[in-house]
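Novice: My questions will all concern the structure given below.
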Amino acid sequence: MADQQEPGSDRAATGPLNGLRVIEMGGIGPGPFAAMMLADMGAEVVRIDRPGPVTDERTVVADVLHRGRRSVVLDLRREEAVTALLELVDRAHVLIEGFRPGVMERLGAGPEECLRRNPALVYGRMTGWGQEGPWASMAGHDINYIALAGALHPLGREGEPPAVPLNLLGDFGGGSLYLVSGVLAALWEAGRSGRGQVVDAAVVDGAASLTTMLHGMLAVGAWTDERGVNLLDTGRPWYDVYRTADGGWMSVGPLEIKFYAEFVARLGLPEHLARRPGPEAWPQLRSAIAAAFAGRTRKEWEEAFAGSDACVAPVLSLKEATEHPHLAARQTFVEVAGVRQPAPAPRFDRTPASIQLPPVRRGQHTREVFDRWGVDGVEELLASGAATQI
């Protein structure tokens with residue numbers, strides 16, 4: 001595991017988005033993850049936080065989802081704070097927000113007002129259900145969005161309940177990544193037209209989009225609308241996880257015939273099972289694979305499959321992943337302010353991404369941001385309580 005360069009140094013902001021100014025309206029979940037990605041890629045991201053109690057320093061540095069940006073505290077219940085926000089908007093390229101539909105409009109900082117002042121602004125909106133539709137105003141969380149999108153139903157084993165994939169598939173996969181790609185696409189278009197636009201990124205839409213391949217397979221009978229009986233959902237013995245002698249797990253995925261042949265040779269299966277039998281023999285094959293893996297420890301199986309094309313890898317815990325030799329060689333994880341965390345992704349050979357700042361306290365940069373962005377009146381805002389500097 002490598003040490004991250006000193007966050008906040010001039011060398012830190014070298015990513016391909018260096019020079020891009022982004023306003024992030026403070027929220028939870030997919031909005032902050034999207035803002036983190038933009039900051040990792042070099043954007044100058046300013047997070048607008050609400051007033052609140054000072055957070056313990058140890059809690060702050062561990063909140064790595066908030067790395068890479070500066071924090072301004074504005075009390076947007078105050079008219080002068082909203083005016084100050086709009087002056088920052090005048091100088092921004094992107095604004096992202098994750099409130100329920102209508103909240104930003106009620107504050108006086110909705111897309112109509114912001115685009116009137118800054119016609120080239122890209123206004124990114126991150127919600128669960130989207131900006132319109134019968135469910136748009138309802139509360140929800142990741143599990144609800146992927147459930148409605150059809151993305152939760154296929155996950156898990158035959159005869160068992162759906163397996164909940166944390167919030168990786170919905171919030172971050174179907175939400176943050178689609179917001180980031182939408183914002184970057186809108187920026188590309190704005191560079192030619194001079195006109196910004198609203199990006200409506202809904203987790204339910206993104207999660208549905210992620211199932212595109214399955215819908216195609218379903219249409220031609222290559223996938224059934226049942227859980228745990230298909231090619232990629234543990235329905236095949238050669239695409240599953242198996243327990244080892246020491247209680248560890250190995251992932252198995254040799255879909256192609258040549259990789260399957262390598263897999264059974266290294267596993268030591270009998271010849272009649274090495275030819276990938278038909279469905280009637282799959283229970284026997286699954287039992288044989290399970291019995292083989294149960295005969296050695298995970299470490300022994302890692303060594304047995306090392307360097308092969310058998311498509312076998314150990315199932316690592318979060319902590320174990322940070323210590324694996326391959327990921328260490330790639331510097332996939334870094335340490336910032338004493339906290340291990342994933343490094344920025346993807347990678348750029350000429351304008352490398354980096355973590356610009358560790359997570360910061362709310363209101364830590366209020367004066368600095370107003371000065372950097374050339375907005376006057378910060379002392380009056382601080383004196384009135386409309387803004388906070390810690």
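To be explicit about the labels: the chains of the structure tokens are called A, B, and onward in the order shown, and within each one the residues are counted from 1, while ligands get numbers from 1 in the order they are shown.
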Hey, what's within 10 Å of Asp63 in chain A if we count only C-alpha atoms and toss same-chain stuff fewer than 2 positions away? As a PyMOL selection string, please?
Specialist: chain A and resi 58-61+65-67+339+358-360
Novice: Would you mind listing what lies within 6 Å of Gln364 in chain A as a list in words, with only C-alpha atoms counted and same-chain residues fewer than 6 positions away left out?
Specialist: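 Here the qualifying residues turn out to be Ser71, Gln389 and Ile390 of chain A.
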Novice: For the helix (DSSP H, G or I) assignment from backbone DSSP, which residues of range 67-142 of chain A qualify? Please present them as a count of residues only.
Specialist: 25
Novice: Would you work out the distance separating CA of Gly196 in chain A from CA of Trp373 in chain A, expressed in Å to one decimal?
Specialist: 20.0 Å
Novice: Quick one: residues within 9 Å of range 22-36 of chain A, only C-alpha atoms, excluding same-chain residues fewer than 3 positions away - as a PyMOL selection string?
Specialist: chain A and resi 39-41+43-50+64-69+88-89+92-99+125-127+167+170-180+203+344+355
Novice: Would you mind listing what lies within 9 Å of Ala163 in chain A as an mmCIF file with N, CA, C and O atoms, in the first residue's frame, with only C-alpha atoms counted and same-chain residues fewer than 6 positions away left out?
Specialist:
```
data_model
loop_
_atom_site.group_PDB
_atom_site.id
_atom_site.type_symbol
_atom_site.label_atom_id
_atom_site.label_comp_id
_atom_site.auth_asym_id
_atom_site.auth_seq_id
_atom_site.Cartn_x
_atom_site.Cartn_y
_atom_site.Cartn_z
ATOM 1 N N LEU A 152 -32.633 -5.895 -7.929
ATOM 2 C CA LEU A 152 -32.452 -6.670 -6.705
ATOM 3 C C LEU A 152 -32.934 -8.109 -6.863
ATOM 4 O O LEU A 152 -32.311 -9.042 -6.345
ATOM 5 N N HIS A 153 -34.016 -8.294 -7.576
ATOM 6 C CA HIS A 153 -34.621 -9.628 -7.719
ATOM 7 C C HIS A 153 -33.657 -10.713 -8.190
ATOM 8 O O HIS A 153 -33.668 -11.833 -7.665
ATOM 9 N N PRO A 154 -32.764 -10.472 -9.164
ATOM 10 C CA PRO A 154 -31.903 -11.555 -9.656
ATOM 11 C C PRO A 154 -30.759 -11.937 -8.723
ATOM 12 O O PRO A 154 -30.066 -12.926 -8.980
ATOM 13 N N LEU A 155 -30.522 -11.169 -7.673
ATOM 14 C CA LEU A 155 -29.338 -11.385 -6.846
ATOM 15 C C LEU A 155 -29.607 -12.437 -5.764
ATOM 16 O O LEU A 155 -30.554 -12.301 -4.989
ATOM 17 N N GLY A 156 -28.794 -13.471 -5.731
ATOM 18 C CA GLY A 156 -28.941 -14.482 -4.695
ATOM 19 C C GLY A 156 -29.081 -15.873 -5.273
ATOM 20 O O GLY A 156 -28.991 -16.088 -6.485
ATOM 21 N N ARG A 157 -29.331 -16.824 -4.392
ATOM 22 C CA ARG A 157 -29.389 -18.227 -4.781
ATOM 23 C C ARG A 157 -30.817 -18.706 -4.978
ATOM 24 O O ARG A 157 -31.762 -18.121 -4.442
#
```
Novice: One decimal, in Å: what's the spacing between CA of Trp135 in chain A and CA of Ala201 in chain A?
Specialist: 14.8 Å
